[in-house]
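> Sharing a structure with you now.
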Amino acid sequence: MSKRKGRAYRRRRRKGSVSLGTHAVETGANISHEPDFVQLRKWLKKKGFNGFYLVPANFPDIGRGLMTRKALEPGDLVIALPEKCLLTTNTILRSYMGEYIKRWKPCLSPLQALCTFLIAERHFGSRSPWKPYIDVLPKTYTCPVYLPEEVIELFPSPLVKRIHEQKRMVQQLYLASKCFFGSLQPLFSELVEKVFTYDTFRWAWCSINTRTIYMEHKQSEFLTQEPNVYALAPYLDLLNHSPSAQVTAAFNQKSKHYEIRTVTKCRRYEQVFICYGPHDNQRLLLEYGFLTNSNPHNVVYVNKELLCNHVSEKDKLVNRKMLFLQDEGLLENLTFGFDGPSWRLLTVLKIFCLRAEEYLQRKKVLLGLSITADNELGSLELAEKICFHLINENQKAMQNISRLLNEIVEVSDHLELVANVRREELQILQASAEVLQNMRVTAPRRS
Ligand SMILES: C[S@@+](CC[C@H](N)C(=O)[O-])C[C@H]1O[C@@H](n2cnc3c(N)ncnc32)[C@H](O)[C@@H]1O
């Protein structure tokens with residue numbers, strides 16, 4: 001710690017933030033001396049891990065992550081975690097829980113097995129060999145399954161739909177696991193109903209969903225054949241996401257370590273990031289409970305209901321157009337981005353703007369051919385109408401969020417999350433509105 005208060009540290013503090021790719025990176029406060037991390041490091045060391053130039057630190061805005069104490073060059077190994085440290089379904093099948101899982105019919109899914117094991121180990125506390133790892137796991141999450149309904153309703157409607165689907169899926173997974181939990185009663189002195197509550201299941205599900213690394217395993221005859229690609233990777237799972245981070249990550253069969261190498265430079269005392277994938281904010285929020293500002297992959301979704309509300313009621317072909325677009329698989333993933341409406345969205349709008357006598361030419365639209373100047377212009381105007389509708393809706397939601405922020409203090413973190421989603425979407429919609437205006441001005445004139 002004393003080293004961090006030296007001249008170099010003060011110079012860094014004065015500088016405030018430095019930049020790694022497009023991600024503004026701020027220097028963090030080293031927390032490796034905290035008792036939980038001291039225990040974790042001892043435990044990892046015993047299992048053969050010794051990559052401690054990466055230290056846990058708290059960073060402004062982002063929270064806990066890993067900071068490098070040495071400069072990293074392209075190709076450098078960032079972290080190499082021995083197989084022994086990984087928690088996978090193989091670990092579970094080899095454990096005391098293995099015989100229960102092997103006996104159970106119908107088989108559990110890999111995800112159910114991991115959730116069950118994590119809940120049991122957390123419950124065992126100091127009797128669990130995984131205690132040093134479990135102690136540093138977050139106690140709660142900002143993932144949508146944790147959000148109260150009054151907060152969920154403030155998200156954009158395509159996201160609300162997906163949050164509800166996800167919540168239902170987690171609840172069903174919990175209900176489907178309850179009989180298996182019952183079979184574990186001999187392992188517990190408490191009633192299993194008290195150990196495996198929906199609350200503990202939700203915590204385990206979020207721990208796995210937000211923290212596992214992708215690692216393929218051989219399918220087990222004792223588990224369902226759903227993809228078995230999860231591995232909990234202590235310490236390595238402290239790495240945060242940046243859309244601009246460039247790393248390679250894979251399990252090295254020779255060294256039997258899970259290895260991450262950087263493709264770019266990273267300066268000493270900077271946070272080291274990995275990229276969880278080219279995810280938009282909706283996906284980041286659903287899977288990981290956070291979003292990044294100025295995410296280059298971010299988009300605003302337009303759902304079918306919104307589309308229906310904007311197409312002409314007088315158009316007698318509207319239902320046929322809907323069916324045609326549905327058959328072509330074009331009614332999903334319609335988006336606005338920083339560069340305007342997506343090709344899919346514009347194509348769909350062009351189909352809706354076809355006059356009855358032009359409808360026979362619908363396939364040409366899919367090929368990107370222009371039908372008439374009227375059709376081009378009509379679709380741009382429709383896109384603008386939808387875009388302005390979304391801007392309006394966004395502004396109303398922001399007003400509601402501000403009102404609630406004043407009224408309900410307990411959910412202010414959650415409300416901040418919604419406000420952030422809305423702010424990011426507004427930027428995209430405003431950029432799209434500008435692009436559309438330019439496109440309309442330069443489009444061929446109507447006949
Ligand atoms: C694999 S963990 C990374 C370590 C985590 N920050 C921790 O303290 O344990 C993934 C979680 O970290 C957080 N996270 C990762 N990248 C982030 C970012 N760029 N901004 C904010 N939170 C982030 C999210 O809560 C996410 O679910």
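As shown in the structure tokens, the chain order sets the letters A, B, ...; within each chain, residues go from 1, and ligands are also counted from 1 in the order they appear.
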To test your reading of the structure, identify every residue in stretch 322-442 of chain A that backbone DSSP assigns to strand (DSSP E or B), and report it as a VMD selection string.

chain A and resid 334 to 337 340 to 341

> With a distance cut-off of 9 Å and only C-alpha atoms, select the neighbouring residues of stretch 164-181 of chain A, excluding the residue or stretch itself and same-chain residues fewer than 5 positions from it, and output the selection as a ChimeraX atom specification.

/A:100-101,104,108,112,116,144-145,152,159,192-193,195-198,201-202,205,286

> Output N, CA and C atoms for every residue in that selection, as a compact mmCIF listing (two decimals), in the first residue's frame.


```txt
# COMPACT_ATOMS: atom_id res chain seq x y z
N TYR A 100 -25.59 -38.37 -6.11
CA TYR A 100 -26.99 -37.95 -6.15
C TYR A 100 -27.39 -37.56 -7.57
N ILE A 101 -26.48 -36.88 -8.26
CA ILE A 101 -26.77 -36.44 -9.64
C ILE A 101 -26.83 -37.65 -10.57
N TRP A 104 -30.12 -39.44 -10.32
CA TRP A 104 -31.36 -38.68 -10.54
C TRP A 104 -31.88 -38.81 -11.98
N LEU A 108 -30.28 -33.93 -14.65
CA LEU A 108 -30.20 -32.48 -14.47
C LEU A 108 -29.45 -31.88 -15.67
N GLN A 112 -28.22 -26.61 -13.98
CA GLN A 112 -28.87 -26.97 -12.71
C GLN A 112 -27.85 -27.57 -11.74
N THR A 116 -26.98 -25.87 -8.11
CA THR A 116 -27.20 -26.65 -6.89
C THR A 116 -25.92 -26.73 -6.06
N PRO A 144 -31.35 -8.33 -14.27
CA PRO A 144 -32.80 -8.07 -14.27
C PRO A 144 -33.61 -8.97 -13.34
N VAL A 145 -33.17 -10.21 -13.07
CA VAL A 145 -33.99 -11.06 -12.17
C VAL A 145 -34.04 -10.49 -10.76
N ILE A 152 -38.60 -2.44 -13.76
CA ILE A 152 -38.56 -3.12 -15.07
C ILE A 152 -39.44 -2.39 -16.08
N LEU A 159 -37.00 -4.60 -24.32
CA LEU A 159 -36.18 -5.12 -23.22
C LEU A 159 -37.08 -5.67 -22.10
N VAL A 192 -34.13 -28.87 3.43
CA VAL A 192 -33.62 -28.39 2.13
C VAL A 192 -34.42 -27.20 1.60
N GLU A 193 -35.71 -27.13 1.99
CA GLU A 193 -36.53 -26.00 1.52
C GLU A 193 -35.94 -24.68 2.02
N VAL A 195 -32.68 -24.22 2.54
CA VAL A 195 -31.36 -24.02 1.93
C VAL A 195 -31.54 -23.58 0.47
N PHE A 196 -32.41 -24.33 -0.25
CA PHE A 196 -32.58 -24.05 -1.68
C PHE A 196 -33.84 -23.21 -1.90
N THR A 197 -33.77 -21.95 -1.53
CA THR A 197 -34.91 -21.05 -1.74
C THR A 197 -34.78 -20.43 -3.14
N TYR A 198 -35.83 -19.76 -3.58
CA TYR A 198 -35.72 -19.08 -4.89
C TYR A 198 -34.63 -18.02 -4.83
N PHE A 201 -31.29 -19.62 -5.23
CA PHE A 201 -31.17 -20.11 -6.61
C PHE A 201 -30.88 -18.95 -7.57
N ARG A 202 -31.58 -17.84 -7.36
CA ARG A 202 -31.39 -16.64 -8.20
C ARG A 202 -29.95 -16.15 -8.07
N TRP A 205 -27.72 -18.66 -9.93
CA TRP A 205 -27.90 -18.53 -11.38
C TRP A 205 -27.15 -17.29 -11.89
N LEU A 286 -29.05 -7.96 -19.80
CA LEU A 286 -29.72 -9.23 -19.55
C LEU A 286 -28.77 -10.28 -19.00
```

> If the limit is 10 Å from any atom of ligand 1, counting only C-alpha atoms and all ligand atoms, which residues qualify? Return them as a compact mmCIF listing (two decimals) with C-alpha atoms, in the first residue's frame.


```txt
# COMPACT_ATOMS: atom_id res chain seq x y z
CA HIS A 23 -12.47 2.67 -22.80
CA VAL A 25 -9.69 3.78 -17.67
CA PRO A 56 -7.95 -6.80 -7.25
CA ALA A 57 -8.79 -3.11 -7.11
CA ASN A 58 -11.81 -0.83 -6.90
CA PHE A 59 -12.24 1.47 -9.87
CA PRO A 60 -14.45 4.55 -10.01
CA ASP A 61 -17.75 3.89 -11.87
CA ILE A 62 -16.97 0.28 -12.75
CA GLY A 63 -16.32 -1.15 -9.30
CA ARG A 64 -14.14 -4.17 -8.56
CA GLY A 65 -11.75 -5.41 -11.23
CA LEU A 66 -8.13 -6.45 -11.80
CA VAL A 136 -15.46 -13.03 -2.73
CA LEU A 137 -18.52 -13.61 -4.92
CA PRO A 138 -20.98 -10.69 -4.97
CA LYS A 139 -23.74 -11.10 -2.38
CA THR A 140 -26.31 -9.67 -4.76
CA TYR A 141 -26.55 -8.69 -8.43
CA THR A 142 -27.97 -5.94 -10.62
CA CYS A 143 -29.16 -8.49 -13.17
CA CYS A 206 -26.58 -14.94 -11.59
CA SER A 207 -23.15 -16.00 -10.26
CA ILE A 208 -22.90 -18.58 -13.03
CA ASN A 209 -24.43 -16.48 -15.79
CA THR A 210 -22.28 -13.42 -15.13
CA ARG A 211 -18.99 -15.12 -14.24
CA THR A 212 -18.46 -18.40 -16.10
CA ILE A 213 -15.94 -18.66 -18.87
CA LEU A 232 -16.23 -20.93 -12.87
CA ALA A 233 -12.74 -19.50 -12.84
CA PRO A 234 -11.77 -17.93 -9.47
CA TYR A 235 -9.73 -14.70 -9.70
CA LEU A 236 -9.83 -14.69 -13.50
CA ASP A 237 -13.54 -13.91 -13.13
CA LEU A 238 -12.62 -10.55 -11.61
CA LEU A 239 -11.81 -9.27 -15.09
CA ASN A 240 -14.30 -6.67 -16.29
CA HIS A 241 -15.56 -6.09 -19.82
CA SER A 242 -14.59 -3.46 -22.31
CA PRO A 243 -15.93 -3.58 -25.89
CA PHE A 273 -10.16 -5.75 -19.38
CA ILE A 274 -11.37 -8.61 -21.49
CA CYS A 275 -14.22 -8.48 -24.00
CA TYR A 276 -17.25 -10.61 -23.13
CA LEU A 284 -25.07 -6.82 -21.47
CA LEU A 285 -27.88 -5.93 -19.13
CA LEU A 286 -29.72 -9.23 -19.55
CA GLU A 287 -26.67 -11.43 -19.17
CA TYR A 288 -24.40 -9.41 -16.89
CA GLY A 289 -26.50 -6.70 -15.21
CA PHE A 290 -24.55 -3.70 -16.50
CA LEU A 291 -24.07 -1.63 -19.63
CA THR A 292 -21.22 0.41 -21.02
CA ASN A 293 -21.43 4.03 -22.07
CA ASN A 295 -20.91 1.09 -26.55
```

> Tell me which protein, DNA and RNA residues are within 9 Å of A:Leu349, counting only C-alpha atoms, leaving out same-chain ones fewer than 5 positions away, and put them as a ChimeraX atom specification.

/A:307,311,344,354,378-380,382-383

> Keeping C-alpha atoms, export the residues of the selection given above as an mmCIF file, in the first residue's frame.


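That gives us again03.cif:
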```cif
data_model
loop_
_atom_site.group_PDB
_atom_site.id
_atom_site.type_symbol
_atom_site.label_atom_id
_atom_site.label_comp_id
_atom_site.auth_asym_id
_atom_site.auth_seq_id
_atom_site.Cartn_x
_atom_site.Cartn_y
_atom_site.Cartn_z
ATOM 1 C CA LEU A 307 -44.274 -1.295 -36.241
ATOM 2 C CA VAL A 311 -48.236 1.280 -40.573
ATOM 3 C CA ARG A 344 -33.419 -4.791 -42.167
ATOM 4 C CA LEU A 354 -45.435 -0.563 -51.291
ATOM 5 C CA GLY A 378 -42.109 7.049 -47.832
ATOM 6 C CA SER A 379 -39.985 4.498 -45.989
ATOM 7 C CA LEU A 380 -37.576 7.208 -44.781
ATOM 8 C CA LEU A 382 -41.924 6.266 -41.724
ATOM 9 C CA ALA A 383 -38.519 5.532 -40.146
#
```
